[in-house]
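K.L.:
Sharing entry_3.cif here; it has mmCIF, C-alpha atoms, pLDDT in the B column; chains and numbers go by the auth columns.
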```cif
data_model
loop_
_atom_site.group_PDB
_atom_site.id
_atom_site.type_symbol
_atom_site.label_atom_id
_atom_site.label_comp_id
_atom_site.label_asym_id
_atom_site.label_seq_id
_atom_site.Cartn_x
_atom_site.Cartn_y
_atom_site.Cartn_z
_atom_site.B_iso_or_equiv
_atom_site.auth_seq_id
_atom_site.auth_asym_id
ATOM 1 C CA ASP A 1 95.520 78.335 124.889 51.00 1 Z
ATOM 2 C CA ALA A 2 97.366 75.374 126.417 63.00 2 Z
ATOM 3 C CA GLY A 3 94.558 72.809 126.088 92.00 3 Z
ATOM 4 C CA ILE A 4 91.954 74.827 127.937 96.00 4 Z
ATOM 5 C CA THR A 5 88.468 75.456 126.642 97.00 5 Z
ATOM 6 C CA GLN A 6 85.647 77.420 128.148 98.00 6 Z
ATOM 7 C CA SER A 7 81.973 77.135 127.337 97.00 7 Z
ATOM 8 C CA PRO A 8 79.936 78.982 126.506 98.00 8 Z
ATOM 9 C CA ARG A 9 82.109 81.756 125.102 97.00 9 Z
ATOM 10 C CA HIS A 10 79.290 84.261 125.250 97.00 10 Z
ATOM 11 C CA LYS A 11 76.079 84.253 127.244 97.00 11 Z
ATOM 12 C CA VAL A 12 73.247 86.659 127.857 98.00 12 Z
ATOM 13 C CA THR A 13 70.917 85.845 130.705 97.00 13 Z
ATOM 14 C CA GLU A 14 68.345 87.491 132.911 97.00 14 Z
ATOM 15 C CA THR A 15 68.611 88.475 136.546 97.00 15 Z
ATOM 16 C CA GLY A 16 67.646 85.658 138.866 97.00 16 Z
ATOM 17 C CA THR A 17 68.442 82.775 136.554 97.00 17 Z
ATOM 18 C CA PRO A 18 71.128 80.200 137.360 97.00 18 Z
ATOM 19 C CA VAL A 19 74.114 80.069 135.061 98.00 19 Z
ATOM 20 C CA THR A 20 76.869 77.463 134.784 98.00 20 Z
ATOM 21 C CA LEU A 21 80.167 78.042 133.056 98.00 21 Z
ATOM 22 C CA ARG A 22 82.425 75.157 132.176 98.00 22 Z
ATOM 23 C CA CYS A 23 86.186 74.937 132.019 98.00 23 Z
ATOM 24 C CA HIS A 24 87.757 71.889 130.422 98.00 24 Z
ATOM 25 C CA GLN A 25 91.456 71.035 130.304 97.00 25 Z
ATOM 26 C CA THR A 26 93.414 68.353 128.518 96.00 26 Z
ATOM 27 C CA GLU A 27 96.668 68.938 130.411 92.00 27 Z
ATOM 28 C CA ASN A 28 95.878 66.908 133.556 92.00 28 Z
ATOM 29 C CA HIS A 29 96.973 69.840 135.749 94.00 29 Z
ATOM 30 C CA ARG A 30 96.065 69.611 139.413 94.00 30 Z
ATOM 31 C CA TYR A 31 95.055 73.225 139.974 96.00 31 Z
ATOM 32 C CA MET A 32 92.184 75.048 138.306 97.00 32 Z
ATOM 33 C CA TYR A 33 91.008 78.610 138.892 97.00 33 Z
ATOM 34 C CA TRP A 34 88.088 80.860 138.080 98.00 34 Z
ATOM 35 C CA TYR A 35 88.673 84.602 137.780 98.00 35 Z
ATOM 36 C CA ARG A 36 86.535 87.505 136.781 97.00 36 Z
ATOM 37 C CA GLN A 37 87.879 90.539 134.986 96.00 37 Z
ATOM 38 C CA ASP A 38 86.263 93.930 135.258 93.00 38 Z
ATOM 39 C CA PRO A 39 87.503 97.370 134.184 86.00 39 Z
ATOM 40 C CA GLY A 40 89.614 98.955 136.895 80.00 40 Z
ATOM 41 C CA HIS A 41 89.894 95.746 138.930 82.00 41 Z
ATOM 42 C CA GLY A 42 92.212 93.531 136.956 85.00 42 Z
ATOM 43 C CA LEU A 43 91.652 89.831 137.580 93.00 43 Z
ATOM 44 C CA ARG A 44 90.037 88.743 140.803 95.00 44 Z
ATOM 45 C CA LEU A 45 89.944 85.158 142.003 96.00 45 Z
ATOM 46 C CA ILE A 46 86.491 83.676 142.562 97.00 46 Z
ATOM 47 C CA HIS A 47 87.229 80.050 143.508 97.00 47 Z
ATOM 48 C CA TYR A 48 89.932 77.543 142.842 97.00 48 Z
ATOM 49 C CA SER A 49 90.459 73.819 143.030 97.00 49 Z
ATOM 50 C CA TYR A 50 93.531 71.883 144.130 95.00 50 Z
ATOM 51 C CA GLY A 51 92.193 68.476 143.193 94.00 51 Z
ATOM 52 C CA VAL A 52 89.038 66.506 142.466 94.00 52 Z
ATOM 53 C CA LYS A 53 86.371 67.577 144.961 93.00 53 Z
ATOM 54 C CA ASP A 54 88.872 69.933 146.650 95.00 54 Z
ATOM 55 C CA THR A 55 87.971 73.592 146.299 96.00 55 Z
ATOM 56 C CA ASP A 56 88.501 76.830 148.153 96.00 56 Z
ATOM 57 C CA LYS A 57 87.199 80.367 148.041 96.00 57 Z
ATOM 58 C CA GLY A 58 88.908 83.318 146.465 94.00 58 Z
ATOM 59 C CA GLU A 59 88.582 87.034 146.923 92.00 59 Z
ATOM 60 C CA VAL A 60 85.103 87.448 145.384 96.00 60 Z
ATOM 61 C CA SER A 61 83.285 84.175 146.012 96.00 61 Z
ATOM 62 C CA ASP A 62 79.898 85.483 147.191 96.00 62 Z
ATOM 63 C CA GLY A 63 77.123 84.429 144.801 96.00 63 Z
ATOM 64 C CA TYR A 64 79.274 81.744 143.139 98.00 64 Z
ATOM 65 C CA SER A 65 79.751 78.040 143.695 97.00 65 Z
ATOM 66 C CA VAL A 66 82.061 75.553 142.002 98.00 66 Z
ATOM 67 C CA SER A 67 82.376 71.853 141.501 97.00 67 Z
ATOM 68 C CA ARG A 68 85.111 69.573 140.281 97.00 68 Z
ATOM 69 C CA SER A 69 84.086 65.962 139.876 96.00 69 Z
ATOM 70 C CA LYS A 70 86.795 65.133 137.327 96.00 70 Z
ATOM 71 C CA THR A 71 90.363 66.344 136.923 96.00 71 Z
ATOM 72 C CA GLU A 72 89.580 67.877 133.549 97.00 72 Z
ATOM 73 C CA ASP A 73 86.409 69.822 134.375 98.00 73 Z
ATOM 74 C CA PHE A 74 85.813 72.763 136.702 98.00 74 Z
ATOM 75 C CA LEU A 75 82.332 74.260 136.774 98.00 75 Z
ATOM 76 C CA LEU A 76 81.395 77.721 137.984 98.00 76 Z
ATOM 77 C CA THR A 77 77.758 78.312 138.911 98.00 77 Z
ATOM 78 C CA LEU A 78 76.042 81.590 139.515 97.00 78 Z
ATOM 79 C CA GLU A 79 73.179 80.493 141.737 93.00 79 Z
ATOM 80 C CA SER A 80 70.950 83.452 140.881 96.00 80 Z
ATOM 81 C CA ALA A 81 72.613 85.821 138.437 97.00 81 Z
ATOM 82 C CA THR A 82 72.717 89.527 139.210 97.00 82 Z
ATOM 83 C CA SER A 83 73.711 92.477 137.033 97.00 83 Z
ATOM 84 C CA SER A 84 76.853 92.911 139.150 96.00 84 Z
ATOM 85 C CA GLN A 85 78.028 89.530 137.853 98.00 85 Z
ATOM 86 C CA THR A 86 78.201 90.851 134.300 98.00 86 Z
ATOM 87 C CA SER A 87 81.853 90.302 133.542 97.00 87 Z
ATOM 88 C CA VAL A 88 84.416 88.347 131.586 97.00 88 Z
ATOM 89 C CA TYR A 89 85.223 85.054 133.279 98.00 89 Z
ATOM 90 C CA PHE A 90 88.547 83.317 132.823 98.00 90 Z
ATOM 91 C CA CYS A 91 89.564 79.834 133.770 98.00 91 Z
ATOM 92 C CA ALA A 92 93.207 79.025 134.433 97.00 92 Z
ATOM 93 C CA ILE A 93 95.189 75.889 135.191 96.00 93 Z
ATOM 94 C CA SER A 94 98.493 75.254 136.901 94.00 94 Z
ATOM 95 C CA VAL A 95 100.773 72.352 137.683 88.00 95 Z
ATOM 96 C CA ALA A 96 101.821 73.659 141.071 83.00 96 Z
ATOM 97 C CA GLY A 97 99.528 76.368 142.347 77.00 97 Z
ATOM 98 C CA GLY A 98 101.259 79.639 143.110 74.00 98 Z
ATOM 99 C CA GLU A 99 104.686 78.116 142.579 77.00 99 Z
ATOM 100 C CA GLU A 100 104.437 78.058 138.834 83.00 100 Z
ATOM 101 C CA THR A 101 102.848 79.541 135.747 91.00 101 Z
ATOM 102 C CA GLN A 102 99.127 79.675 135.202 94.00 102 Z
ATOM 103 C CA TYR A 103 97.688 79.007 131.753 95.00 103 Z
ATOM 104 C CA PHE A 104 94.512 80.783 130.811 96.00 104 Z
ATOM 105 C CA GLY A 105 91.491 79.872 128.760 97.00 105 Z
ATOM 106 C CA PRO A 106 89.946 82.206 126.170 96.00 106 Z
ATOM 107 C CA GLY A 107 87.287 83.606 128.509 97.00 107 Z
ATOM 108 C CA THR A 108 83.505 83.738 128.705 98.00 108 Z
ATOM 109 C CA ARG A 109 81.661 87.014 128.297 97.00 109 Z
ATOM 110 C CA LEU A 110 78.549 87.041 130.495 98.00 110 Z
ATOM 111 C CA LEU A 111 75.895 89.725 130.347 98.00 111 Z
ATOM 112 C CA VAL A 112 73.187 89.684 132.999 98.00 112 Z
ATOM 113 C CA LEU A 113 70.212 91.832 132.083 97.00 113 Z
ATOM 114 C CA SER B 1 92.325 93.332 147.547 46.00 1 U
ATOM 115 C CA GLN B 2 95.012 93.957 144.966 51.00 2 U
ATOM 116 C CA GLN B 3 98.540 92.953 145.935 63.00 3 U
ATOM 117 C CA GLY B 4 100.260 94.411 142.913 70.00 4 U
ATOM 118 C CA GLU B 5 99.825 97.842 141.440 83.00 5 U
ATOM 119 C CA GLU B 6 101.202 98.585 138.006 86.00 6 U
ATOM 120 C CA ASP B 7 102.542 101.926 136.964 88.00 7 U
ATOM 121 C CA PRO B 8 101.820 103.614 134.637 93.00 8 U
ATOM 122 C CA GLN B 9 98.214 102.664 133.967 93.00 9 U
ATOM 123 C CA ALA B 10 98.715 103.450 130.286 95.00 10 U
ATOM 124 C CA LEU B 11 101.763 103.950 128.094 96.00 11 U
ATOM 125 C CA SER B 12 102.045 105.015 124.462 97.00 12 U
ATOM 126 C CA ILE B 13 105.301 104.756 122.538 97.00 13 U
ATOM 127 C CA GLN B 14 106.637 104.502 118.994 97.00 14 U
ATOM 128 C CA GLU B 15 107.937 101.300 117.466 97.00 15 U
ATOM 129 C CA GLY B 16 111.566 100.773 118.275 97.00 16 U
ATOM 130 C CA GLU B 17 111.402 102.532 121.634 97.00 17 U
ATOM 131 C CA ASN B 18 111.727 100.728 124.936 98.00 18 U
ATOM 132 C CA ALA B 19 108.739 100.318 127.253 97.00 19 U
ATOM 133 C CA THR B 20 109.101 100.074 131.021 97.00 20 U
ATOM 134 C CA MET B 21 106.320 99.048 133.362 97.00 21 U
ATOM 135 C CA ASN B 22 106.533 98.870 137.115 96.00 22 U
ATOM 136 C CA CYS B 23 104.780 96.762 139.706 96.00 23 U
ATOM 137 C CA SER B 24 104.690 97.376 143.442 95.00 24 U
ATOM 138 C CA TYR B 25 103.354 94.930 145.988 94.00 25 U
ATOM 139 C CA LYS B 26 102.653 94.898 149.701 92.00 26 U
ATOM 140 C CA THR B 27 103.661 91.624 151.334 90.00 27 U
ATOM 141 C CA SER B 28 106.526 89.148 151.090 92.00 28 U
ATOM 142 C CA ILE B 29 106.407 86.990 148.008 93.00 29 U
ATOM 143 C CA ASN B 30 107.609 83.628 146.776 93.00 30 U
ATOM 144 C CA ASN B 31 107.614 84.722 143.157 95.00 31 U
ATOM 145 C CA LEU B 32 106.336 87.435 140.847 96.00 32 U
ATOM 146 C CA GLN B 33 104.981 86.780 137.375 96.00 33 U
ATOM 147 C CA TRP B 34 104.248 88.955 134.367 97.00 34 U
ATOM 148 C CA TYR B 35 101.433 88.249 131.936 97.00 35 U
ATOM 149 C CA ARG B 36 100.288 89.826 128.664 97.00 36 U
ATOM 150 C CA GLN B 37 96.706 90.121 127.510 97.00 37 U
ATOM 151 C CA ASN B 38 95.788 91.030 123.971 95.00 38 U
ATOM 152 C CA SER B 39 92.390 92.637 123.548 91.00 39 U
ATOM 153 C CA GLY B 40 89.592 90.148 124.018 86.00 40 U
ATOM 154 C CA ARG B 41 91.918 87.234 124.754 92.00 41 U
ATOM 155 C CA GLY B 42 93.113 85.272 127.758 92.00 42 U
ATOM 156 C CA LEU B 43 96.306 86.077 129.613 95.00 43 U
ATOM 157 C CA VAL B 44 99.597 84.684 128.399 96.00 44 U
ATOM 158 C CA HIS B 45 102.492 84.056 130.767 96.00 45 U
ATOM 159 C CA LEU B 46 105.662 86.004 129.977 97.00 46 U
ATOM 160 C CA ILE B 47 108.143 85.437 132.747 96.00 47 U
ATOM 161 C CA LEU B 48 108.399 84.280 136.363 96.00 48 U
ATOM 162 C CA ILE B 49 111.014 85.629 138.753 97.00 49 U
ATOM 163 C CA ARG B 50 111.554 84.074 142.169 95.00 50 U
ATOM 164 C CA SER B 51 112.233 86.002 145.344 95.00 51 U
ATOM 165 C CA ASN B 52 115.917 85.006 145.379 96.00 52 U
ATOM 166 C CA GLU B 53 116.455 86.292 141.826 97.00 53 U
ATOM 167 C CA ARG B 54 117.170 89.886 140.890 97.00 54 U
ATOM 168 C CA GLU B 55 116.935 89.846 137.111 98.00 55 U
ATOM 169 C CA LYS B 56 115.690 87.578 134.337 97.00 56 U
ATOM 170 C CA HIS B 57 115.716 87.860 130.582 97.00 57 U
ATOM 171 C CA SER B 58 113.552 86.307 127.902 96.00 58 U
ATOM 172 C CA GLY B 59 114.101 87.521 124.374 97.00 59 U
ATOM 173 C CA ARG B 60 113.312 91.245 124.343 97.00 60 U
ATOM 174 C CA LEU B 61 111.962 91.112 127.887 98.00 61 U
ATOM 175 C CA ARG B 62 113.930 92.003 130.977 98.00 62 U
ATOM 176 C CA VAL B 63 112.418 91.709 134.430 98.00 63 U
ATOM 177 C CA THR B 64 113.967 92.973 137.635 98.00 64 U
ATOM 178 C CA LEU B 65 112.889 92.326 141.203 98.00 65 U
ATOM 179 C CA ASP B 66 113.805 94.390 144.244 97.00 66 U
ATOM 180 C CA THR B 67 112.398 92.647 147.310 96.00 67 U
ATOM 181 C CA SER B 68 113.652 95.389 149.637 96.00 68 U
ATOM 182 C CA LYS B 69 111.474 97.898 147.808 95.00 69 U
ATOM 183 C CA LYS B 70 108.741 95.361 147.054 95.00 70 U
ATOM 184 C CA SER B 71 108.817 96.276 143.400 96.00 71 U
ATOM 185 C CA SER B 72 109.447 94.798 139.975 97.00 72 U
ATOM 186 C CA SER B 73 109.881 96.239 136.522 97.00 73 U
ATOM 187 C CA LEU B 74 109.265 94.817 133.061 98.00 74 U
ATOM 188 C CA LEU B 75 111.310 96.249 130.221 98.00 75 U
ATOM 189 C CA ILE B 76 110.382 95.525 126.614 98.00 76 U
ATOM 190 C CA THR B 77 113.213 96.563 124.310 98.00 77 U
ATOM 191 C CA ALA B 78 112.834 97.612 120.672 97.00 78 U
ATOM 192 C CA SER B 79 109.050 97.489 120.909 97.00 79 U
ATOM 193 C CA ARG B 80 106.849 96.431 118.003 97.00 80 U
ATOM 194 C CA ALA B 81 103.250 97.190 117.142 97.00 81 U
ATOM 195 C CA ALA B 82 102.487 93.568 118.052 96.00 82 U
ATOM 196 C CA ASP B 83 103.510 94.320 121.656 97.00 83 U
ATOM 197 C CA THR B 84 100.354 96.407 122.018 98.00 84 U
ATOM 198 C CA ALA B 85 98.510 94.754 124.888 97.00 85 U
ATOM 199 C CA SER B 86 97.786 94.991 128.588 96.00 86 U
ATOM 200 C CA TYR B 87 100.492 93.759 130.929 97.00 87 U
ATOM 201 C CA PHE B 88 99.791 92.410 134.404 96.00 88 U
ATOM 202 C CA CYS B 89 101.997 91.504 137.291 95.00 89 U
ATOM 203 C CA ALA B 90 100.904 88.770 139.683 95.00 90 U
ATOM 204 C CA THR B 91 102.403 87.766 143.000 94.00 91 U
ATOM 205 C CA ALA B 92 102.453 84.484 144.861 93.00 92 U
ATOM 206 C CA SER B 93 103.047 84.479 148.584 89.00 93 U
ATOM 207 C CA TYR B 94 104.694 81.581 150.371 86.00 94 U
ATOM 208 C CA ASN B 95 102.538 78.534 151.129 82.00 95 U
ATOM 209 C CA THR B 96 99.717 79.637 148.901 85.00 96 U
ATOM 210 C CA ASP B 97 98.083 78.177 145.823 89.00 97 U
ATOM 211 C CA LYS B 98 96.944 81.549 144.564 91.00 98 U
ATOM 212 C CA LEU B 99 98.198 84.436 142.484 92.00 99 U
ATOM 213 C CA ILE B 100 97.069 87.975 143.114 92.00 100 U
ATOM 214 C CA PHE B 101 96.948 90.158 140.041 92.00 101 U
ATOM 215 C CA GLY B 102 97.429 93.867 139.667 91.00 102 U
ATOM 216 C CA THR B 103 95.198 96.094 137.582 90.00 103 U
ATOM 217 C CA GLY B 104 97.564 96.205 134.606 93.00 104 U
ATOM 218 C CA THR B 105 99.348 98.613 132.286 95.00 105 U
ATOM 219 C CA ARG B 106 97.876 99.231 128.844 96.00 106 U
ATOM 220 C CA LEU B 107 100.693 99.549 126.318 97.00 107 U
ATOM 221 C CA GLN B 108 100.081 101.070 122.891 98.00 108 U
ATOM 222 C CA VAL B 109 102.909 100.849 120.363 97.00 109 U
ATOM 223 C CA PHE B 110 102.454 103.011 117.292 96.00 110 U
ATOM 224 C CA PRO B 111 104.030 101.926 113.993 92.00 111 U
#
```
Show me this structure written as structure tokens.
P.N.:
Amino acid sequence: DAGITQSPRHKVTETGTPVTLRCHQTENHRYMYWYRQDPGHGLRLIHYSYGVKDTDKGEVSDGYSVSRSKTEDFLLTLESATSSQTSVYFCAISVAGGEETQYFGPGTRLLVL
Amino acid sequence: SQQGEEDPQALSIQEGENATMNCSYKTSINNLQWYRQNSGRGLVHLILIRSNEREKHSGRLRVTLDTSKKSSSLLITASRAADTASYFCATASYNTDKLIFGTGTRLQVFP
């Protein structure tokens, strides 16, 4: 998985609790992305980062925030988890944004009860 | 909103047959990429084709791009059971850092 790890790999939480997912890379790539994958929707971009402290919103950013204080770490926070945020979350990295390949992490399965 | 739409949504074939998947998109693109996802795993990049290219090959994979029709196809020749997976196309527009993924084609190859 191209030097990308995600933690936790599985999480069950309750509605209303905050949740933070971590993506860690060892490739020193500039770009990092958070996607969610749901049946019938493919992958949808939540937020992405184009450098330390530089982030932007994706297609489905409501209810999510991100932070990137180091090149290697990109955190996704669900401020107050809802059942609609039950999903599989994937992190991806890229050398050159949309110009080149993205490399994906193994995913985090989140269940919000 | 989805940029790419794959067709068919699901495809079942026998080992040794060829599998063809299509992707249509809506706006001008810089490049189009194909990814594979095995069940329960992350996506793996297969091939990238740029807007000024018409065809690319990688092993048993052949990708074509028709920018006039805003469509691409992925051909897997002499399929194997190990090719069973979901296949996604993703498009990158000019001056963007993002890819937009389609909903995928689920390929089942029977031994």
K.L.:
Enumerate as a PyMOL selection string the residues belonging to chain U that approach chain Z to within 9 Å, with all atoms listed in the file taken into account.
P.N.:
chain U and resi 1-2+30-31+33+40-45+47-48+88+91-104
K.L.:
Can you turn the PyMOL selection byres ((chain Z and resi 28) around 12) into a concrete residue list for this file, as a list in words?
P.N.:
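Selection result, ordered by chain and number: Ala2, Gly3, Ile4, His24, Gln25, Thr26, Glu27, His29, Arg30, Tyr31, Met32, Tyr50, Gly51, Val52, Lys70, Thr71, Glu72, Asp73, Ile93, Ser94, Val95 and Ala96 of chain Z.
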K.L.:
Hey, what comes out of the PyMOL selection byres ((chain U and resi 17) around 8) on this file? Could you write it as a tab-separated table (two decimals) with C-alpha atoms, in the frame of the given file?
P.N.:
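To be explicit, this is the file written out as expr.tsv:
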```tsv
chain	number	residue	atom	x	y	z
U	13	ILE	CA	105.30	104.76	122.54
U	14	GLN	CA	106.64	104.50	118.99
U	15	GLU	CA	107.94	101.30	117.47
U	16	GLY	CA	111.57	100.77	118.28
U	18	ASN	CA	111.73	100.73	124.94
U	19	ALA	CA	108.74	100.32	127.25
U	77	THR	CA	113.21	96.56	124.31
U	78	ALA	CA	112.83	97.61	120.67
U	79	SER	CA	109.05	97.49	120.91
```
K.L.:
Return as AutoDock Vina command-line options the centre and edge lengths, in Å with one decimal, of the box along x, y and z that encloses every atom of range 59-78 of chain Z in the file, padded by 3 Å per side.
P.N.:
```
--center_x 83.2 --center_y 76.3 --center_z 140.4 --size_x 20.3 --size_y 28.3 --size_z 19.6
```
K.L.:
Just to confirm, what's the straight-line distance from CA of Ile46 in chain Z to CA of Lys70 in chain U in Å (one decimal)?
P.N.:
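Computed distance, CA of Ile46 in chain Z to CA of Lys70 in chain U, equals 25.5 Å.
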K.L.:
Leu110 in chain Z: which residues within 12 Å, counting all atoms listed in the file, same-chain residues fewer than 4 positions away excluded, as a list in words?
P.N.:
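After dropping sequence-adjacent residues, the list is Ser7, Pro8, Arg9, His10, Lys11, Val12, Thr13, Glu14, Thr15, Val19, Thr20, Leu21, Arg36, Gln37, Asp38, Leu78, Ala81, Thr82, Ser83, Ser84, Gln85, Thr86, Ser87, Val88, Tyr89 and Phe90 of chain Z.
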K.L.:
Just give me the gap between CA of Leu76 in chain Z and CA of Ala90 in chain U in Å, one decimal is fine.
P.N.:
22.5 Å
K.L.:
Report the distance between CA of Ser51 in chain U and CA of Ser73 in chain U in Å, rounded to one decimal place.
P.N.:
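These two atoms are separated by 13.7 Å.
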K.L.:
Written as a PyMOL selection string, which residues does the PyMOL selection byres ((chain U and resi 85) around 9) give for the file shown?
P.N.:
chain U and resi 36-39+82-84+86-87+105-109
K.L.:
Around (117.0, 92.5, 136.8) in the file's frame, which residues reach within 7 Å when counting only C-alpha atoms? Return as a ChimeraX atom specification?
P.N.:
/U:54-56,62-65
K.L.:
Closest to Cys23 in chain U among U:Gly4, U:Leu46, U:Ile76, U:Ser58, using only C-alpha atoms?
P.N.:
U:Gly4
